[in-house]
Amino acid sequence: MGRSKIVILAVAAMSLPLSAFGAGGIVKTPNSVAPDRYVYYPGTESLAKDEIRLFACGTGMPAARRDQAATCFLVETGNGDKFLFDVGTGSMMNVAALMIPYDFLDKVFISHLHTDHWGDLATLWAGGWTAGRTKPLRIWGPSGATPEMGTQYAVDHFLKAFNWDAATRNFKLNPEPGKITVKEFDYKGENQVIYQENDVTIRSWPAIHAGDGPVSFALEYAGLKIVIGGDTFPNKWFMKHAQDADIAIHECFLTPDTLVQWYGQSPQQALGVGTAVHTAPQAFGKVMSTLKPRHAIAYHFLNEEATRYAIYDGIRQTYDGPVSMAADNMVWNISKDKIVERMTVSTNQAWAVSGPTPAPAPLKAGVADPMTDFIRQGRWEGVKEALAPVVEGFKKEHPDAFGK
């Protein structure tokens, strides 16, 4: 595949210098707007019909960090669809900051069941339910070597673990958005189609990580191909089915030295985890120099001054093509003629944004009240008089909801 233009408009760990691209363009008068911003402001740009936008909403590891959530990639296609690939612990804060209506964030594809790849499902599930989602979540995920190692089992028991949460919300909210549907697919399927709607095709193939079950994904739209590897050691399926990728995302782990010095691992554990369970930088580079994607993205390492240079140097021992060292809130716009990398600028205090479908009213009929008389009779009626004008005034403001 021929190399098209790669434009890196934001520097976040080892990208090319901004001066190489004239960031901001030329400002010709004191009141001019810089023609080419090197940041992305959510909700300010419409995608072209044949374009894809990719967000890194989580790029880190199981150990929590304020500036780097666990794995999550959001893909937006030019037809308006949005797909979450993994929802690792902490990642929903970055997703929420994009201020996308939760009704549009109902499709989740899980690569495997480590917490750093699905630990924030609870936040998406309950947060979206309370902030405007009007329909159930839809989850696609792999089976396991046995039923109890698969996605269906995991989600069934997730809902059991959060039974109190669901039961108490079902009575006060509409229960429909609190449901989760699961489409479990065979983790052994090779380049199998697991989703095909609205001109978007998503495929999966096996990955090698920790045990049977993990998979990699490829999303195809408008002649573009985005490959999301999940966690995996380099494997024959990735090398076969990631061919012709416009974007190839593959894990690239911390070096064994870093795992010992900064992550608290023993030398024996660090060597095994860093070179046999995960993908070492030199191995990542070999994968990409063999595949030759239009653009490679390395993720799944703690990205800071103490770590990124050794990883980057390792990659460059075996690969000299275009690469991003992923950090949270990086964003790429992908089209046939160019790939543009920037950083997302978003608020720390984002409100949920309503979608086109009004939030459903509570459905009291047939829903059990989880509160017993013992607790209900403990209410202090001393606030009744103070609340009365608030309640009546609100009902008058919303006559269609409460009647005249």
# chains A, B, ... in the order shown; residues from 1 in each chain; ligands from 1
call {"tool": "select_by_dssp", "arguments": {"residues": "range 32-166 of chain A", "states": "strand (DSSP E or B)", "output": "PyMOL selection string"}}
result
chain A and resi 36+39-40+52-58+65+68+72-77+82-85+107-109+137-142
call {"tool": "closest_atom_pairs", "arguments": {"of": "range 195-311 of chain A", "to": "range 324-331 of chain A", "cutoff": "7 Å", "atoms": "only C-alpha atoms", "output": "CSV"}}
result
residue,atom,partner,partner_atom,distance
A:Ala296,CA,A:Ser324,CA,6.4
A:Ile297,CA,A:Ser324,CA,4.8
A:Ala298,CA,A:Met325,CA,5.2
A:Tyr299,CA,A:Ala326,CA,5.1
A:Asn303,CA,A:Ala327,CA,6.5
call {"tool": "write_last_selection", "arguments": {"atoms": "N, CA and C atoms", "output": "PDB file, in the first residue's frame"}}
result
ATOM      1  N   ALA A 296       1.131   3.434  12.410  1.00  0.00           N
ATOM      2  CA  ALA A 296       1.138   2.518  13.545  1.00  0.00           C
ATOM      3  C   ALA A 296       0.904   3.289  14.837  1.00  0.00           C
ATOM      4  N   ILE A 297       0.212   2.638  15.770  1.00  0.00           N
ATOM      5  CA  ILE A 297      -0.018   3.230  17.085  1.00  0.00           C
ATOM      6  C   ILE A 297       0.418   2.230  18.147  1.00  0.00           C
ATOM      7  N   ALA A 298       1.365   2.642  18.985  1.00  0.00           N
ATOM      8  CA  ALA A 298       1.839   1.834  20.107  1.00  0.00           C
ATOM      9  C   ALA A 298       1.135   2.285  21.378  1.00  0.00           C
ATOM     10  N   TYR A 299       0.588   1.334  22.126  1.00  0.00           N
ATOM     11  CA  TYR A 299      -0.129   1.691  23.357  1.00  0.00           C
ATOM     12  C   TYR A 299       0.118   0.603  24.407  1.00  0.00           C
ATOM     13  N   ASN A 303       3.067   6.299  29.817  1.00  0.00           N
ATOM     14  CA  ASN A 303       3.757   7.207  28.904  1.00  0.00           C
ATOM     15  C   ASN A 303       4.219   8.453  29.659  1.00  0.00           C
TER      16      ASN A 303
END
call {"tool": "closest_atom_pairs", "arguments": {"of": "range 223-300 of chain A", "to": "range 63-74 of chain A", "cutoff": "12 Å", "atoms": "only C-alpha atoms", "output": "JSON lines"}}
result
{"residue": "A:Ile226", "atom": "CA", "partner": "A:Phe73", "partner_atom": "CA", "distance": 11.0}
{"residue": "A:Val227", "atom": "CA", "partner": "A:Phe73", "partner_atom": "CA", "distance": 11.0}
{"residue": "A:Ile228", "atom": "CA", "partner": "A:Phe73", "partner_atom": "CA", "distance": 8.4}
{"residue": "A:Gly229", "atom": "CA", "partner": "A:Phe73", "partner_atom": "CA", "distance": 10.9}
{"residue": "A:Gly230", "atom": "CA", "partner": "A:Thr71", "partner_atom": "CA", "distance": 8.3}
{"residue": "A:Asp231", "atom": "CA", "partner": "A:Thr71", "partner_atom": "CA", "distance": 9.4}
{"residue": "A:Ile249", "atom": "CA", "partner": "A:Phe73", "partner_atom": "CA", "distance": 9.9}
{"residue": "A:His250", "atom": "CA", "partner": "A:Thr71", "partner_atom": "CA", "distance": 11.6}
{"residue": "A:Glu251", "atom": "CA", "partner": "A:Thr71", "partner_atom": "CA", "distance": 10.1}
{"residue": "A:Trp262", "atom": "CA", "partner": "A:Ala63", "partner_atom": "CA", "distance": 11.9}
{"residue": "A:Tyr263", "atom": "CA", "partner": "A:Ala63", "partner_atom": "CA", "distance": 9.1}
{"residue": "A:Gly264", "atom": "CA", "partner": "A:Ala63", "partner_atom": "CA", "distance": 11.3}
{"residue": "A:Ile297", "atom": "CA", "partner": "A:Phe73", "partner_atom": "CA", "distance": 11.6}
{"residue": "A:Ala298", "atom": "CA", "partner": "A:Thr71", "partner_atom": "CA", "distance": 12.0}
{"residue": "A:Tyr299", "atom": "CA", "partner": "A:Thr71", "partner_atom": "CA", "distance": 8.5}
{"residue": "A:His300", "atom": "CA", "partner": "A:Thr71", "partner_atom": "CA", "distance": 7.2}
call {"tool": "write_last_selection", "arguments": {"atoms": "N, CA and C atoms", "output": "PDB file, in the first residue's frame"}}
result
ATOM      1  N   ILE A 226      -9.260   0.000  10.175  1.00  0.00           N
ATOM      2  CA  ILE A 226      -8.657   0.299  11.475  1.00  0.00           C
ATOM      3  C   ILE A 226      -8.515  -1.018  12.230  1.00  0.00           C
ATOM      4  N   VAL A 227      -7.312  -1.375  12.603  1.00  0.00           N
ATOM      5  CA  VAL A 227      -7.066  -2.616  13.338  1.00  0.00           C
ATOM      6  C   VAL A 227      -6.762  -2.276  14.792  1.00  0.00           C
ATOM      7  N   ILE A 228      -7.467  -2.932  15.703  1.00  0.00           N
ATOM      8  CA  ILE A 228      -7.292  -2.716  17.137  1.00  0.00           C
ATOM      9  C   ILE A 228      -6.907  -4.051  17.751  1.00  0.00           C
ATOM     10  N   GLY A 229      -5.655  -4.171  18.142  1.00  0.00           N
ATOM     11  CA  GLY A 229      -5.105  -5.466  18.512  1.00  0.00           C
ATOM     12  C   GLY A 229      -5.523  -5.987  19.865  1.00  0.00           C
ATOM     13  N   GLY A 230      -5.989  -5.097  20.784  1.00  0.00           N
ATOM     14  CA  GLY A 230      -6.166  -5.539  22.154  1.00  0.00           C
ATOM     15  C   GLY A 230      -4.816  -5.898  22.741  1.00  0.00           C
ATOM     16  N   ASP A 231      -4.806  -6.733  23.766  1.00  0.00           N
ATOM     17  CA  ASP A 231      -3.544  -7.222  24.321  1.00  0.00           C
ATOM     18  C   ASP A 231      -3.157  -8.485  23.566  1.00  0.00           C
ATOM     19  N   ILE A 249      -3.179  -0.604  15.454  1.00  0.00           N
ATOM     20  CA  ILE A 249      -2.939  -0.400  16.886  1.00  0.00           C
ATOM     21  C   ILE A 249      -2.492  -1.731  17.479  1.00  0.00           C
ATOM     22  N   HIS A 250      -1.358  -1.720  18.134  1.00  0.00           N
ATOM     23  CA  HIS A 250      -0.826  -2.946  18.733  1.00  0.00           C
ATOM     24  C   HIS A 250      -0.175  -2.565  20.051  1.00  0.00           C
ATOM     25  N   GLU A 251      -0.330  -3.432  21.038  1.00  0.00           N
ATOM     26  CA  GLU A 251       0.310  -3.126  22.307  1.00  0.00           C
ATOM     27  C   GLU A 251       1.826  -3.087  22.156  1.00  0.00           C
ATOM     28  N   TRP A 262      10.429   0.854  38.118  1.00  0.00           N
ATOM     29  CA  TRP A 262       9.317   1.742  38.383  1.00  0.00           C
ATOM     30  C   TRP A 262       8.003   1.038  38.707  1.00  0.00           C
ATOM     31  N   TYR A 263       7.847  -0.226  38.286  1.00  0.00           N
ATOM     32  CA  TYR A 263       6.544  -0.886  38.437  1.00  0.00           C
ATOM     33  C   TYR A 263       6.543  -1.945  39.532  1.00  0.00           C
ATOM     34  N   GLY A 264       7.682  -2.121  40.192  1.00  0.00           N
ATOM     35  CA  GLY A 264       7.726  -2.984  41.368  1.00  0.00           C
ATOM     36  C   GLY A 264       7.751  -4.471  41.078  1.00  0.00           C
ATOM     37  N   ILE A 297       0.212   2.638  15.770  1.00  0.00           N
ATOM     38  CA  ILE A 297      -0.018   3.230  17.085  1.00  0.00           C
ATOM     39  C   ILE A 297       0.418   2.230  18.147  1.00  0.00           C
ATOM     40  N   ALA A 298       1.365   2.642  18.985  1.00  0.00           N
ATOM     41  CA  ALA A 298       1.839   1.834  20.107  1.00  0.00           C
ATOM     42  C   ALA A 298       1.135   2.285  21.378  1.00  0.00           C
ATOM     43  N   TYR A 299       0.588   1.334  22.126  1.00  0.00           N
ATOM     44  CA  TYR A 299      -0.129   1.691  23.357  1.00  0.00           C
ATOM     45  C   TYR A 299       0.118   0.603  24.407  1.00  0.00           C
ATOM     46  N   HIS A 300      -0.424   0.813  25.579  1.00  0.00           N
ATOM     47  CA  HIS A 300      -0.362  -0.111  26.706  1.00  0.00           C
ATOM     48  C   HIS A 300       0.959   0.001  27.458  1.00  0.00           C
TER      49      HIS A 300
END
call {"tool": "closest_atom_pairs", "arguments": {"of": "range 145-253 of chain A", "to": "range 314-323 of chain A", "cutoff": "10 Å", "atoms": "only C-alpha atoms", "output": "CSV"}}
result
residue,atom,partner,partner_atom,distance
A:Ile247,CA,A:Val323,CA,9.7
A:Ala248,CA,A:Val323,CA,9.5
A:Ile249,CA,A:Val323,CA,9.7
A:Cys252,CA,A:Ile315,CA,8.7
call {"tool": "select_by_dssp", "arguments": {"residues": "range 185-280 of chain A", "states": "alpha helix (DSSP H)", "output": "compact mmCIF listing (two decimals) with N, CA and C atoms, in the first residue's frame"}}
result
# COMPACT_ATOMS: atom_id res chain seq x y z
N LYS A 236 0.36 -15.05 14.31
CA LYS A 236 0.17 -15.28 12.88
C LYS A 236 -1.14 -14.70 12.37
N TRP A 237 -2.16 -14.65 13.23
CA TRP A 237 -3.45 -14.12 12.78
C TRP A 237 -3.36 -12.61 12.55
N PHE A 238 -2.69 -11.91 13.44
CA PHE A 238 -2.54 -10.47 13.27
C PHE A 238 -1.74 -10.18 12.01
N MET A 239 -0.68 -10.94 11.80
CA MET A 239 0.17 -10.70 10.64
C MET A 239 -0.58 -10.97 9.33
N LYS A 240 -1.54 -11.85 9.38
CA LYS A 240 -2.31 -12.18 8.18
C LYS A 240 -3.45 -11.20 7.95
N HIS A 241 -4.18 -10.87 8.99
CA HIS A 241 -5.43 -10.14 8.80
C HIS A 241 -5.31 -8.64 9.05
N PRO A 256 11.64 -4.45 30.33
CA PRO A 256 11.88 -5.17 31.59
C PRO A 256 12.59 -4.31 32.64
N ASP A 257 13.56 -3.50 32.21
CA ASP A 257 14.24 -2.62 33.17
C ASP A 257 13.27 -1.66 33.85
N THR A 258 12.34 -1.10 33.06
CA THR A 258 11.36 -0.17 33.62
C THR A 258 10.41 -0.89 34.57
N LEU A 259 10.02 -2.10 34.22
CA LEU A 259 9.11 -2.87 35.08
C LEU A 259 9.74 -3.14 36.44
N VAL A 260 11.04 -3.35 36.47
CA VAL A 260 11.73 -3.57 37.74
C VAL A 260 11.88 -2.26 38.50
N GLN A 261 12.36 -1.22 37.82
CA GLN A 261 12.70 0.03 38.50
C GLN A 261 11.47 0.81 38.94
N PRO A 267 12.82 -9.22 38.71
CA PRO A 267 13.45 -9.41 37.41
C PRO A 267 12.87 -10.58 36.63
N GLN A 268 12.57 -11.69 37.33
CA GLN A 268 12.01 -12.84 36.64
C GLN A 268 10.65 -12.51 36.04
N GLN A 269 9.79 -11.86 36.84
CA GLN A 269 8.46 -11.50 36.35
C GLN A 269 8.56 -10.46 35.24
N ALA A 270 9.43 -9.49 35.39
CA ALA A 270 9.55 -8.42 34.41
C ALA A 270 9.97 -8.96 33.04
N LEU A 271 10.93 -9.88 33.03
CA LEU A 271 11.37 -10.44 31.76
C LEU A 271 10.27 -11.24 31.08
N GLY A 272 9.55 -12.05 31.87
CA GLY A 272 8.48 -12.86 31.30
C GLY A 272 7.32 -12.02 30.80
